[in-house]
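Here's the structure we're looking at; comments come further down.
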Amino acid sequence: MSNANLNGRPDADRQLIQEIESTKVPYGMLAVWSLGQASFIVKGGDTVVYVDPFALSDEEVERRYGLKRLFPSPVGPEQITNADCCLITHEHADHLDPDTIKAMAAANSRTLFVAPNCCLDAMRECGVSEARLYRAETDRAVIEEKRLSVKPIPAAHEQLELDDEGFCKYAGYFVRLNGVTWYHAGDTIIYDGLVERLAAERIDLALLPINGRDAFRTGRGIIGNMDYREAAELAQLAGFGLTVPMHYDLFAGNTERPGYFVDYVYERFPRLRTHVMARGERFVFVSDAAL
């Protein structure tokens with residue numbers, strides 16, 4: 001996908017969706033697109049999964065939240081018509097965006113949605129019907145189909161928290177799709193037992209936040225995540241096949257340089273495979289089983 005078309009929003013919207021639709025993804029492979037922050041589109045076979053889709057325009061982000069996007073969204077909410085499944089990690093607006101969810105729910109009656117218990121009312125208000133809304137109960141498969149398996153895992157943003165009904169407020173996801181196991185960490189730091197949970201899943205592809213946390217951002221109400229060093233150490237200990245850093249590039253004041261992650265891996269773990277997503281890139285991941 002060419003970045004040159006991102007300024008002409010309608011053409012860029014159509015181009016991305018058409019590219020996803022036309023991309024052939026044989027068994028043992030995944031095609032991955034990043035929308036920035038923690039927003040990803042992953043396709044395996046004919047199945048398309050969105051995670052934390054945040055597709056608001058620059059103008060809407062500034063009007064609603066007083067924030068400035070560092071680059072435009074490559075797709076608008078109304079253009080997202082091809083989702084088979086949408087996974088939400090937690091309730092923060094850059095992860096559960098009502099406008100995007102409303103548009104997705106209206107555009108495709110077959111889309112399945114998974115979200116933490118504390119997010120379910122917001123999902124219903126966005127027009128997601130009960131028949132296709134799943135609660136992200138951790139450590140059990142909430143969707144178990146031949147083509148797709150989804151199992152939520154607790155995330156600690158910056159701590160493990162339960163809602164009033166005893167369910168985890170923040171989630172990551174193990175997804176088995178097209179013969180590949182991938183992990184979206186959500187917003188999280190590393191907590192006791194996380195390495196062991198991840199290692200047990202034999203993860204082929206992992207998406208990890210690297211923006212970190214500090215007292216100054218905490219003072220501004222920005223809740224943090226693991227930093228690039230922690231992400232690299234986690235990837236090594238958990239034995240990920242390939243690690244993609246995320247959550248470092250969308251809003252000024254909460255960024256990190258992915259090169260720091262790459263440099264740290266190169267110096268400490270030179271055999272550990274990583275990939276930094278370019279804006280607008282289609283990245284094709286090939287698992288060892290497909291070789």
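Just remember, in the structure tokens the first chain shown is A, the second B, etc., residues are 1-based per chain, and ligands are 1-based in the order shown.
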Selection near Arg135 (chain A), 7 Å with only C-alpha atoms, sequence-local residues under 4 positions removed, as a PDB file with N, CA and C atoms, in the first residue's frame:
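Result file follows (around-v3.pdb):
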```pdb
ATOM      1  N   VAL A 114     -15.341  -9.494  20.790  1.00  0.00           N
ATOM      2  CA  VAL A 114     -14.912  -9.981  22.101  1.00  0.00           C
ATOM      3  C   VAL A 114     -14.360  -8.799  22.876  1.00  0.00           C
ATOM      4  N   ALA A 115     -14.786  -8.649  24.135  1.00  0.00           N
ATOM      5  CA  ALA A 115     -14.331  -7.522  24.951  1.00  0.00           C
ATOM      6  C   ALA A 115     -14.427  -7.889  26.422  1.00  0.00           C
ATOM      7  N   PRO A 116     -13.617  -7.264  27.277  1.00  0.00           N
ATOM      8  CA  PRO A 116     -13.737  -7.508  28.718  1.00  0.00           C
ATOM      9  C   PRO A 116     -15.130  -7.186  29.235  1.00  0.00           C
ATOM     10  N   ASN A 117     -15.476  -7.791  30.339  1.00  0.00           N
ATOM     11  CA  ASN A 117     -16.807  -7.637  30.919  1.00  0.00           C
ATOM     12  C   ASN A 117     -17.173  -6.174  31.144  1.00  0.00           C
TER      13      ASN A 117
END
```
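Proximity to region 97-111 of chain A at 6 Å, evaluated using only C-alpha atoms and with sequence-adjacent residues fewer than 4 positions away removed, yields Phe54, Pro77, Glu78, Ile80, Thr81, Ala83, Asp84, Cys85, Ala93, Cys126 and Val128 of chain A.
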Quick one: which region 116-187 of chain A residues come within 10 Å of region 216-236 of chain A, and what is the nearest atom pair for each with the distance in Å to one decimal, counting only C-alpha atoms, rows ordered by chain and ascending number, as CSV?
```
residue,atom,partner,partner_atom,distance
A:Ala155,CA,A:Asn225,CA,9.9
A:Ala156,CA,A:Asn225,CA,8.2
A:His157,CA,A:Asn225,CA,6.4
A:Glu158,CA,A:Gly224,CA,6.0
A:Gln159,CA,A:Asn225,CA,9.6
A:Gly186,CA,A:Asn225,CA,9.2
A:Asp187,CA,A:Asn225,CA,5.9
```
Selected residues, N, CA, C and O atoms, written as an mmCIF file, in the first residue's frame, please.
```cif
data_model
loop_
_atom_site.group_PDB
_atom_site.id
_atom_site.type_symbol
_atom_site.label_atom_id
_atom_site.label_comp_id
_atom_site.auth_asym_id
_atom_site.auth_seq_id
_atom_site.Cartn_x
_atom_site.Cartn_y
_atom_site.Cartn_z
ATOM 1 N N ALA A 155 -4.164 -8.936 31.370
ATOM 2 C CA ALA A 155 -3.150 -7.910 31.128
ATOM 3 C C ALA A 155 -3.119 -6.994 32.348
ATOM 4 O O ALA A 155 -4.138 -6.807 33.026
ATOM 5 N N ALA A 156 -1.952 -6.422 32.622
ATOM 6 C CA ALA A 156 -1.771 -5.547 33.782
ATOM 7 C C ALA A 156 -1.418 -4.149 33.297
ATOM 8 O O ALA A 156 -0.287 -3.884 32.900
ATOM 9 N N HIS A 157 -2.394 -3.247 33.343
ATOM 10 C CA HIS A 157 -2.217 -1.907 32.758
ATOM 11 C C HIS A 157 -2.383 -0.828 33.832
ATOM 12 O O HIS A 157 -3.401 -0.201 33.911
ATOM 13 N N GLU A 158 -1.491 -0.481 34.706
ATOM 14 C CA GLU A 158 -0.188 -1.000 35.018
ATOM 15 C C GLU A 158 -0.254 -2.067 36.095
ATOM 16 O O GLU A 158 0.774 -2.493 36.621
ATOM 17 N N GLN A 159 -1.431 -2.502 36.450
ATOM 18 C CA GLN A 159 -1.583 -3.564 37.418
ATOM 19 C C GLN A 159 -2.755 -4.448 37.010
ATOM 20 O O GLN A 159 -3.581 -4.054 36.201
ATOM 21 N N GLY A 186 -2.210 -6.518 24.345
ATOM 22 C CA GLY A 186 -2.979 -5.428 24.920
ATOM 23 C C GLY A 186 -2.030 -4.447 25.581
ATOM 24 O O GLY A 186 -0.832 -4.404 25.288
ATOM 25 N N ASP A 187 -2.546 -3.637 26.478
ATOM 26 C CA ASP A 187 -1.702 -2.731 27.257
ATOM 27 C C ASP A 187 -1.325 -3.447 28.547
ATOM 28 O O ASP A 187 -2.209 -3.777 29.361
#
```
Task: All strand (DSSP E or B) residues (DSSP, backbone) inside region 81-239 of chain A, as a VMD selection string - done: chain A and resid 85 to 87 112 to 115 133 to 135 143 to 144 148 to 154 162 168 171 to 177 180 to 184 205 to 209 211 227
- [ ] Could you check how far CA of Gly239 (chain A) sits from CA of Ser34 (chain A), in Å to one decimal?
- [x]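 We find that CA of Gly239 (chain A) and CA of Ser34 (chain A) lie 22.9 Å from each other.
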Open item on the list: Which residues are near region 147-149 of chain A? Cut-off 7 Å, only C-alpha atoms, ignore same chain within fewer than 5 positions. Put them as a PyMOL selection string.
Closed with: chain A and resi 141+175-178
Wanna dump the region 25-125 of chain A-region 252-272 of chain A contacts at 12 Å for me, each residue with its shortest atom pair and the distance in Å to one decimal, counting only C-alpha atoms, ordered by chain and number, as CSV?
```
residue,atom,partner,partner_atom,distance
A:Gly36,CA,A:Thr255,CA,11.2
A:Gln37,CA,A:Thr255,CA,9.4
A:Gly66,CA,A:Ala252,CA,11.4
A:Leu67,CA,A:Ala252,CA,8.0
A:Lys68,CA,A:Ala252,CA,7.1
A:Arg69,CA,A:Ala252,CA,7.5
A:Leu70,CA,A:Ala252,CA,6.8
A:Phe71,CA,A:Ala252,CA,10.5
```
For Ala278 (chain A), work out the shell of residues within 12 Å, counting only C-alpha atoms and skipping chain neighbours fewer than 5 positions away, then give it as an mmCIF file with all heavy atoms, in the first residue's frame.
```
data_model
loop_
_atom_site.group_PDB
_atom_site.id
_atom_site.type_symbol
_atom_site.label_atom_id
_atom_site.label_comp_id
_atom_site.auth_asym_id
_atom_site.auth_seq_id
_atom_site.Cartn_x
_atom_site.Cartn_y
_atom_site.Cartn_z
ATOM 1 N N MET A 1 0.844 -1.195 0.000
ATOM 2 C CA MET A 1 0.000 0.000 0.000
ATOM 3 C C MET A 1 0.875 1.240 0.000
ATOM 4 O O MET A 1 1.820 1.361 0.773
ATOM 5 C CB MET A 1 -0.876 -0.008 1.253
ATOM 6 C CG MET A 1 -1.730 1.237 1.406
ATOM 7 S SD MET A 1 -2.675 1.157 2.929
ATOM 8 C CE MET A 1 -3.353 2.787 2.939
ATOM 9 N N SER A 2 0.576 2.192 -0.820
ATOM 10 C CA SER A 2 1.391 3.400 -0.935
ATOM 11 C C SER A 2 0.971 4.438 0.078
ATOM 12 O O SER A 2 -0.204 4.770 0.205
ATOM 13 C CB SER A 2 1.249 3.978 -2.343
ATOM 14 O OG SER A 2 1.860 5.249 -2.419
ATOM 15 N N ASN A 3 1.933 4.978 0.827
ATOM 16 C CA ASN A 3 1.635 6.045 1.765
ATOM 17 C C ASN A 3 1.216 7.329 1.060
ATOM 18 O O ASN A 3 0.620 8.210 1.658
ATOM 19 C CB ASN A 3 2.861 6.343 2.633
ATOM 20 C CG ASN A 3 3.128 5.234 3.622
ATOM 21 O OD1 ASN A 3 2.228 4.490 3.946
ATOM 22 N ND2 ASN A 3 4.353 5.125 4.082
ATOM 23 N N VAL A 32 -0.465 -9.075 7.976
ATOM 24 C CA VAL A 32 -0.652 -8.153 9.102
ATOM 25 C C VAL A 32 -0.557 -6.715 8.613
ATOM 26 O O VAL A 32 0.346 -6.371 7.848
ATOM 27 C CB VAL A 32 0.415 -8.400 10.195
ATOM 28 C CG1 VAL A 32 0.175 -7.495 11.404
ATOM 29 C CG2 VAL A 32 0.432 -9.868 10.625
ATOM 30 N N TRP A 33 -1.497 -5.881 9.077
ATOM 31 C CA TRP A 33 -1.469 -4.442 8.833
ATOM 32 C C TRP A 33 -1.585 -3.731 10.177
ATOM 33 O O TRP A 33 -2.339 -4.157 11.052
ATOM 34 C CB TRP A 33 -2.629 -4.006 7.951
ATOM 35 C CG TRP A 33 -2.621 -4.509 6.550
ATOM 36 C CD1 TRP A 33 -2.186 -3.851 5.432
ATOM 37 C CD2 TRP A 33 -3.097 -5.783 6.079
ATOM 38 N NE1 TRP A 33 -2.351 -4.622 4.310
ATOM 39 C CE2 TRP A 33 -2.914 -5.820 4.682
ATOM 40 C CE3 TRP A 33 -3.655 -6.900 6.717
ATOM 41 C CZ2 TRP A 33 -3.263 -6.919 3.908
ATOM 42 C CZ3 TRP A 33 -4.004 -8.007 5.961
ATOM 43 C CH2 TRP A 33 -3.802 -8.007 4.562
ATOM 44 N N SER A 34 -0.872 -2.636 10.351
ATOM 45 C CA SER A 34 -0.959 -1.836 11.568
ATOM 46 C C SER A 34 -1.704 -0.541 11.278
ATOM 47 O O SER A 34 -1.445 0.125 10.269
ATOM 48 C CB SER A 34 0.446 -1.513 12.093
ATOM 49 O OG SER A 34 0.374 -0.582 13.157
ATOM 50 N N LEU A 35 -2.618 -0.168 12.186
ATOM 51 C CA LEU A 35 -3.301 1.122 12.114
ATOM 52 C C LEU A 35 -2.691 2.127 13.078
ATOM 53 O O LEU A 35 -3.210 3.228 13.243
ATOM 54 C CB LEU A 35 -4.796 0.954 12.421
ATOM 55 C CG LEU A 35 -5.580 0.015 11.513
ATOM 56 C CD1 LEU A 35 -7.049 -0.017 11.922
ATOM 57 C CD2 LEU A 35 -5.440 0.406 10.051
ATOM 58 N N GLY A 36 -1.593 1.748 13.738
ATOM 59 C CA GLY A 36 -0.979 2.607 14.745
ATOM 60 C C GLY A 36 -1.462 2.249 16.135
ATOM 61 O O GLY A 36 -2.473 1.560 16.318
ATOM 62 N N PHE A 71 0.087 10.719 12.544
ATOM 63 C CA PHE A 71 -0.115 10.362 11.142
ATOM 64 C C PHE A 71 -1.581 9.972 10.969
ATOM 65 O O PHE A 71 -2.225 9.543 11.918
ATOM 66 C CB PHE A 71 0.812 9.219 10.703
ATOM 67 C CG PHE A 71 0.656 7.943 11.486
ATOM 68 C CD1 PHE A 71 -0.215 6.945 11.080
ATOM 69 C CD2 PHE A 71 1.405 7.741 12.640
ATOM 70 C CE1 PHE A 71 -0.351 5.771 11.801
ATOM 71 C CE2 PHE A 71 1.270 6.571 13.373
ATOM 72 C CZ PHE A 71 0.397 5.583 12.945
ATOM 73 N N VAL A 244 6.767 -8.233 17.112
ATOM 74 C CA VAL A 244 6.494 -6.930 16.499
ATOM 75 C C VAL A 244 6.209 -5.932 17.617
ATOM 76 O O VAL A 244 5.261 -6.125 18.387
ATOM 77 C CB VAL A 244 5.292 -7.015 15.542
ATOM 78 C CG1 VAL A 244 4.902 -5.623 15.032
ATOM 79 C CG2 VAL A 244 5.590 -7.949 14.373
ATOM 80 N N PRO A 245 7.001 -4.857 17.755
ATOM 81 C CA PRO A 245 6.692 -3.845 18.761
ATOM 82 C C PRO A 245 5.501 -2.996 18.343
ATOM 83 O O PRO A 245 5.237 -2.811 17.149
ATOM 84 C CB PRO A 245 7.975 -3.007 18.818
ATOM 85 C CG PRO A 245 8.564 -3.145 17.446
ATOM 86 C CD PRO A 245 8.221 -4.544 16.989
ATOM 87 N N MET A 246 4.760 -2.483 19.334
ATOM 88 C CA MET A 246 3.586 -1.666 19.046
ATOM 89 C C MET A 246 3.418 -0.616 20.141
ATOM 90 O O MET A 246 4.178 -0.565 21.105
ATOM 91 C CB MET A 246 2.327 -2.535 18.947
ATOM 92 C CG MET A 246 1.911 -3.195 20.251
ATOM 93 S SD MET A 246 0.301 -4.008 20.131
ATOM 94 C CE MET A 246 0.040 -4.553 21.821
ATOM 95 N N ASP A 249 3.667 5.049 18.609
ATOM 96 C CA ASP A 249 3.821 5.955 17.476
ATOM 97 C C ASP A 249 2.660 6.877 17.169
ATOM 98 O O ASP A 249 2.749 7.666 16.228
ATOM 99 C CB ASP A 249 4.086 5.122 16.218
ATOM 100 C CG ASP A 249 2.937 4.181 15.868
ATOM 101 O OD1 ASP A 249 2.043 3.991 16.703
ATOM 102 O OD2 ASP A 249 2.951 3.632 14.749
ATOM 103 N N PRO A 258 11.139 2.738 18.047
ATOM 104 C CA PRO A 258 11.249 1.281 17.904
ATOM 105 C C PRO A 258 12.673 0.826 17.652
ATOM 106 O O PRO A 258 13.018 -0.331 17.916
ATOM 107 C CB PRO A 258 10.328 0.970 16.727
ATOM 108 C CG PRO A 258 10.232 2.252 15.956
ATOM 109 C CD PRO A 258 10.304 3.341 16.991
ATOM 110 N N PHE A 283 2.544 -6.794 5.972
ATOM 111 C CA PHE A 283 3.608 -7.694 6.391
ATOM 112 C C PHE A 283 3.078 -9.122 6.353
ATOM 113 O O PHE A 283 2.041 -9.421 6.949
ATOM 114 C CB PHE A 283 4.077 -7.347 7.806
ATOM 115 C CG PHE A 283 5.017 -8.357 8.414
ATOM 116 C CD1 PHE A 283 6.227 -8.647 7.803
ATOM 117 C CD2 PHE A 283 4.694 -9.006 9.591
ATOM 118 C CE1 PHE A 283 7.097 -9.579 8.358
ATOM 119 C CE2 PHE A 283 5.550 -9.926 10.156
ATOM 120 C CZ PHE A 283 6.760 -10.215 9.541
#
```
TODO: Would you mind reading off the distance between CA of Ile17 (chain A) and CA of Phe174 (chain A), one decimal, in Å?
DONE: 24.5 Å
Open item on the list: Quick check, in Å to one decimal: how far apart do CA of Pro154 (chain A) and CA of Val276 (chain A) lie?
Closed with: 24.9 Å
Task: Distance query Val284 (chain A) at most 7 Å, only C-alpha atoms, self and fewer than 6 positions along chain excluded, as an MDAnalysis selection string - done: chainID A and resid 29:32
Kindly export the residues of the current selection with N, CA, C and O atoms, as a compact mmCIF listing (two decimals), in the first residue's frame.
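Written output follows (out.txt):
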```
# COMPACT_ATOMS: atom_id res chain seq x y z
N MET A 29 0.45 -19.10 7.28
CA MET A 29 0.88 -17.72 7.11
C MET A 29 -0.18 -16.76 7.66
O MET A 29 -1.35 -17.11 7.81
N LEU A 30 0.25 -15.53 7.93
CA LEU A 30 -0.64 -14.44 8.31
C LEU A 30 -0.23 -13.20 7.53
O LEU A 30 0.96 -12.97 7.28
N ALA A 31 -1.19 -12.38 7.16
CA ALA A 31 -0.93 -11.04 6.64
C ALA A 31 -1.34 -10.05 7.72
O ALA A 31 -2.41 -10.18 8.33
N VAL A 32 -0.46 -9.07 7.98
CA VAL A 32 -0.65 -8.15 9.10
C VAL A 32 -0.56 -6.72 8.61
O VAL A 32 0.35 -6.37 7.85
```
Open item on the list: Can you pull out the residues contacting Gly166 (chain A)? Cut-off 12 Å, using only C-alpha atoms, and skip same-chain residues under 4 positions away; I want them as a list in words.
Closed with: Pro116, Asn117, Cys118, Glu137, Thr138, Leu160, Glu161 and Leu162 of chain A
Open item on the list: as a list in words, please: every residue in region 98-193 of chain A that DSSP puts in alpha helix (DSSP H).
Closed with: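 Filtering region 98-193 of chain A down to alpha helix (DSSP H) leaves Pro98, Asp99, Thr100, Ile101, Lys102, Ala103, Met104, Ala105, Ala106, Ala107, Leu120, Asp121, Ala122, Met123, Arg124 and Glu125 of chain A.
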Could those selected residues go to a file with N, CA and C atoms, as a PDB file, in the first residue's frame?
```
ATOM      1  N   PRO A  98     -15.791   4.199  20.248  1.00  0.00           N
ATOM      2  CA  PRO A  98     -17.213   4.003  19.935  1.00  0.00           C
ATOM      3  C   PRO A  98     -17.564   4.229  18.473  1.00  0.00           C
ATOM      4  N   ASP A  99     -17.006   5.256  17.844  1.00  0.00           N
ATOM      5  CA  ASP A  99     -17.351   5.525  16.449  1.00  0.00           C
ATOM      6  C   ASP A  99     -16.953   4.372  15.536  1.00  0.00           C
ATOM      7  N   THR A 100     -15.765   3.816  15.777  1.00  0.00           N
ATOM      8  CA  THR A 100     -15.310   2.707  14.944  1.00  0.00           C
ATOM      9  C   THR A 100     -16.159   1.468  15.182  1.00  0.00           C
ATOM     10  N   ILE A 101     -16.464   1.168  16.438  1.00  0.00           N
ATOM     11  CA  ILE A 101     -17.272  -0.019  16.743  1.00  0.00           C
ATOM     12  C   ILE A 101     -18.686   0.120  16.185  1.00  0.00           C
ATOM     13  N   LYS A 102     -19.277   1.307  16.316  1.00  0.00           N
ATOM     14  CA  LYS A 102     -20.614   1.526  15.752  1.00  0.00           C
ATOM     15  C   LYS A 102     -20.626   1.264  14.253  1.00  0.00           C
ATOM     16  N   ALA A 103     -19.633   1.787  13.562  1.00  0.00           N
ATOM     17  CA  ALA A 103     -19.567   1.608  12.111  1.00  0.00           C
ATOM     18  C   ALA A 103     -19.369   0.149  11.746  1.00  0.00           C
ATOM     19  N   MET A 104     -18.507  -0.551  12.474  1.00  0.00           N
ATOM     20  CA  MET A 104     -18.259  -1.963  12.183  1.00  0.00           C
ATOM     21  C   MET A 104     -19.497  -2.811  12.463  1.00  0.00           C
ATOM     22  N   ALA A 105     -20.191  -2.526  13.560  1.00  0.00           N
ATOM     23  CA  ALA A 105     -21.387  -3.300  13.906  1.00  0.00           C
ATOM     24  C   ALA A 105     -22.484  -3.123  12.866  1.00  0.00           C
ATOM     25  N   ALA A 106     -22.590  -1.911  12.314  1.00  0.00           N
ATOM     26  CA  ALA A 106     -23.628  -1.636  11.319  1.00  0.00           C
ATOM     27  C   ALA A 106     -23.262  -2.179   9.940  1.00  0.00           C
ATOM     28  N   ALA A 107     -21.962  -2.236   9.657  1.00  0.00           N
ATOM     29  CA  ALA A 107     -21.524  -2.578   8.305  1.00  0.00           C
ATOM     30  C   ALA A 107     -21.567  -4.059   8.010  1.00  0.00           C
ATOM     31  N   LEU A 120     -18.673  -4.386  28.034  1.00  0.00           N
ATOM     32  CA  LEU A 120     -19.810  -4.945  27.297  1.00  0.00           C
ATOM     33  C   LEU A 120     -20.958  -3.957  27.135  1.00  0.00           C
ATOM     34  N   ASP A 121     -21.259  -3.169  28.166  1.00  0.00           N
ATOM     35  CA  ASP A 121     -22.331  -2.183  28.026  1.00  0.00           C
ATOM     36  C   ASP A 121     -22.002  -1.182  26.935  1.00  0.00           C
ATOM     37  N   ALA A 122     -20.744  -0.740  26.882  1.00  0.00           N
ATOM     38  CA  ALA A 122     -20.339   0.202  25.832  1.00  0.00           C
ATOM     39  C   ALA A 122     -20.466  -0.435  24.460  1.00  0.00           C
ATOM     40  N   MET A 123     -20.152  -1.714  24.350  1.00  0.00           N
ATOM     41  CA  MET A 123     -20.285  -2.406  23.070  1.00  0.00           C
ATOM     42  C   MET A 123     -21.749  -2.502  22.660  1.00  0.00           C
ATOM     43  N   ARG A 124     -22.625  -2.783  23.617  1.00  0.00           N
ATOM     44  CA  ARG A 124     -24.059  -2.847  23.314  1.00  0.00           C
ATOM     45  C   ARG A 124     -24.570  -1.492  22.850  1.00  0.00           C
ATOM     46  N   GLU A 125     -24.102  -0.422  23.504  1.00  0.00           N
ATOM     47  CA  GLU A 125     -24.515   0.925  23.107  1.00  0.00           C
ATOM     48  C   GLU A 125     -24.047   1.268  21.700  1.00  0.00           C
TER      49      GLU A 125
END
```
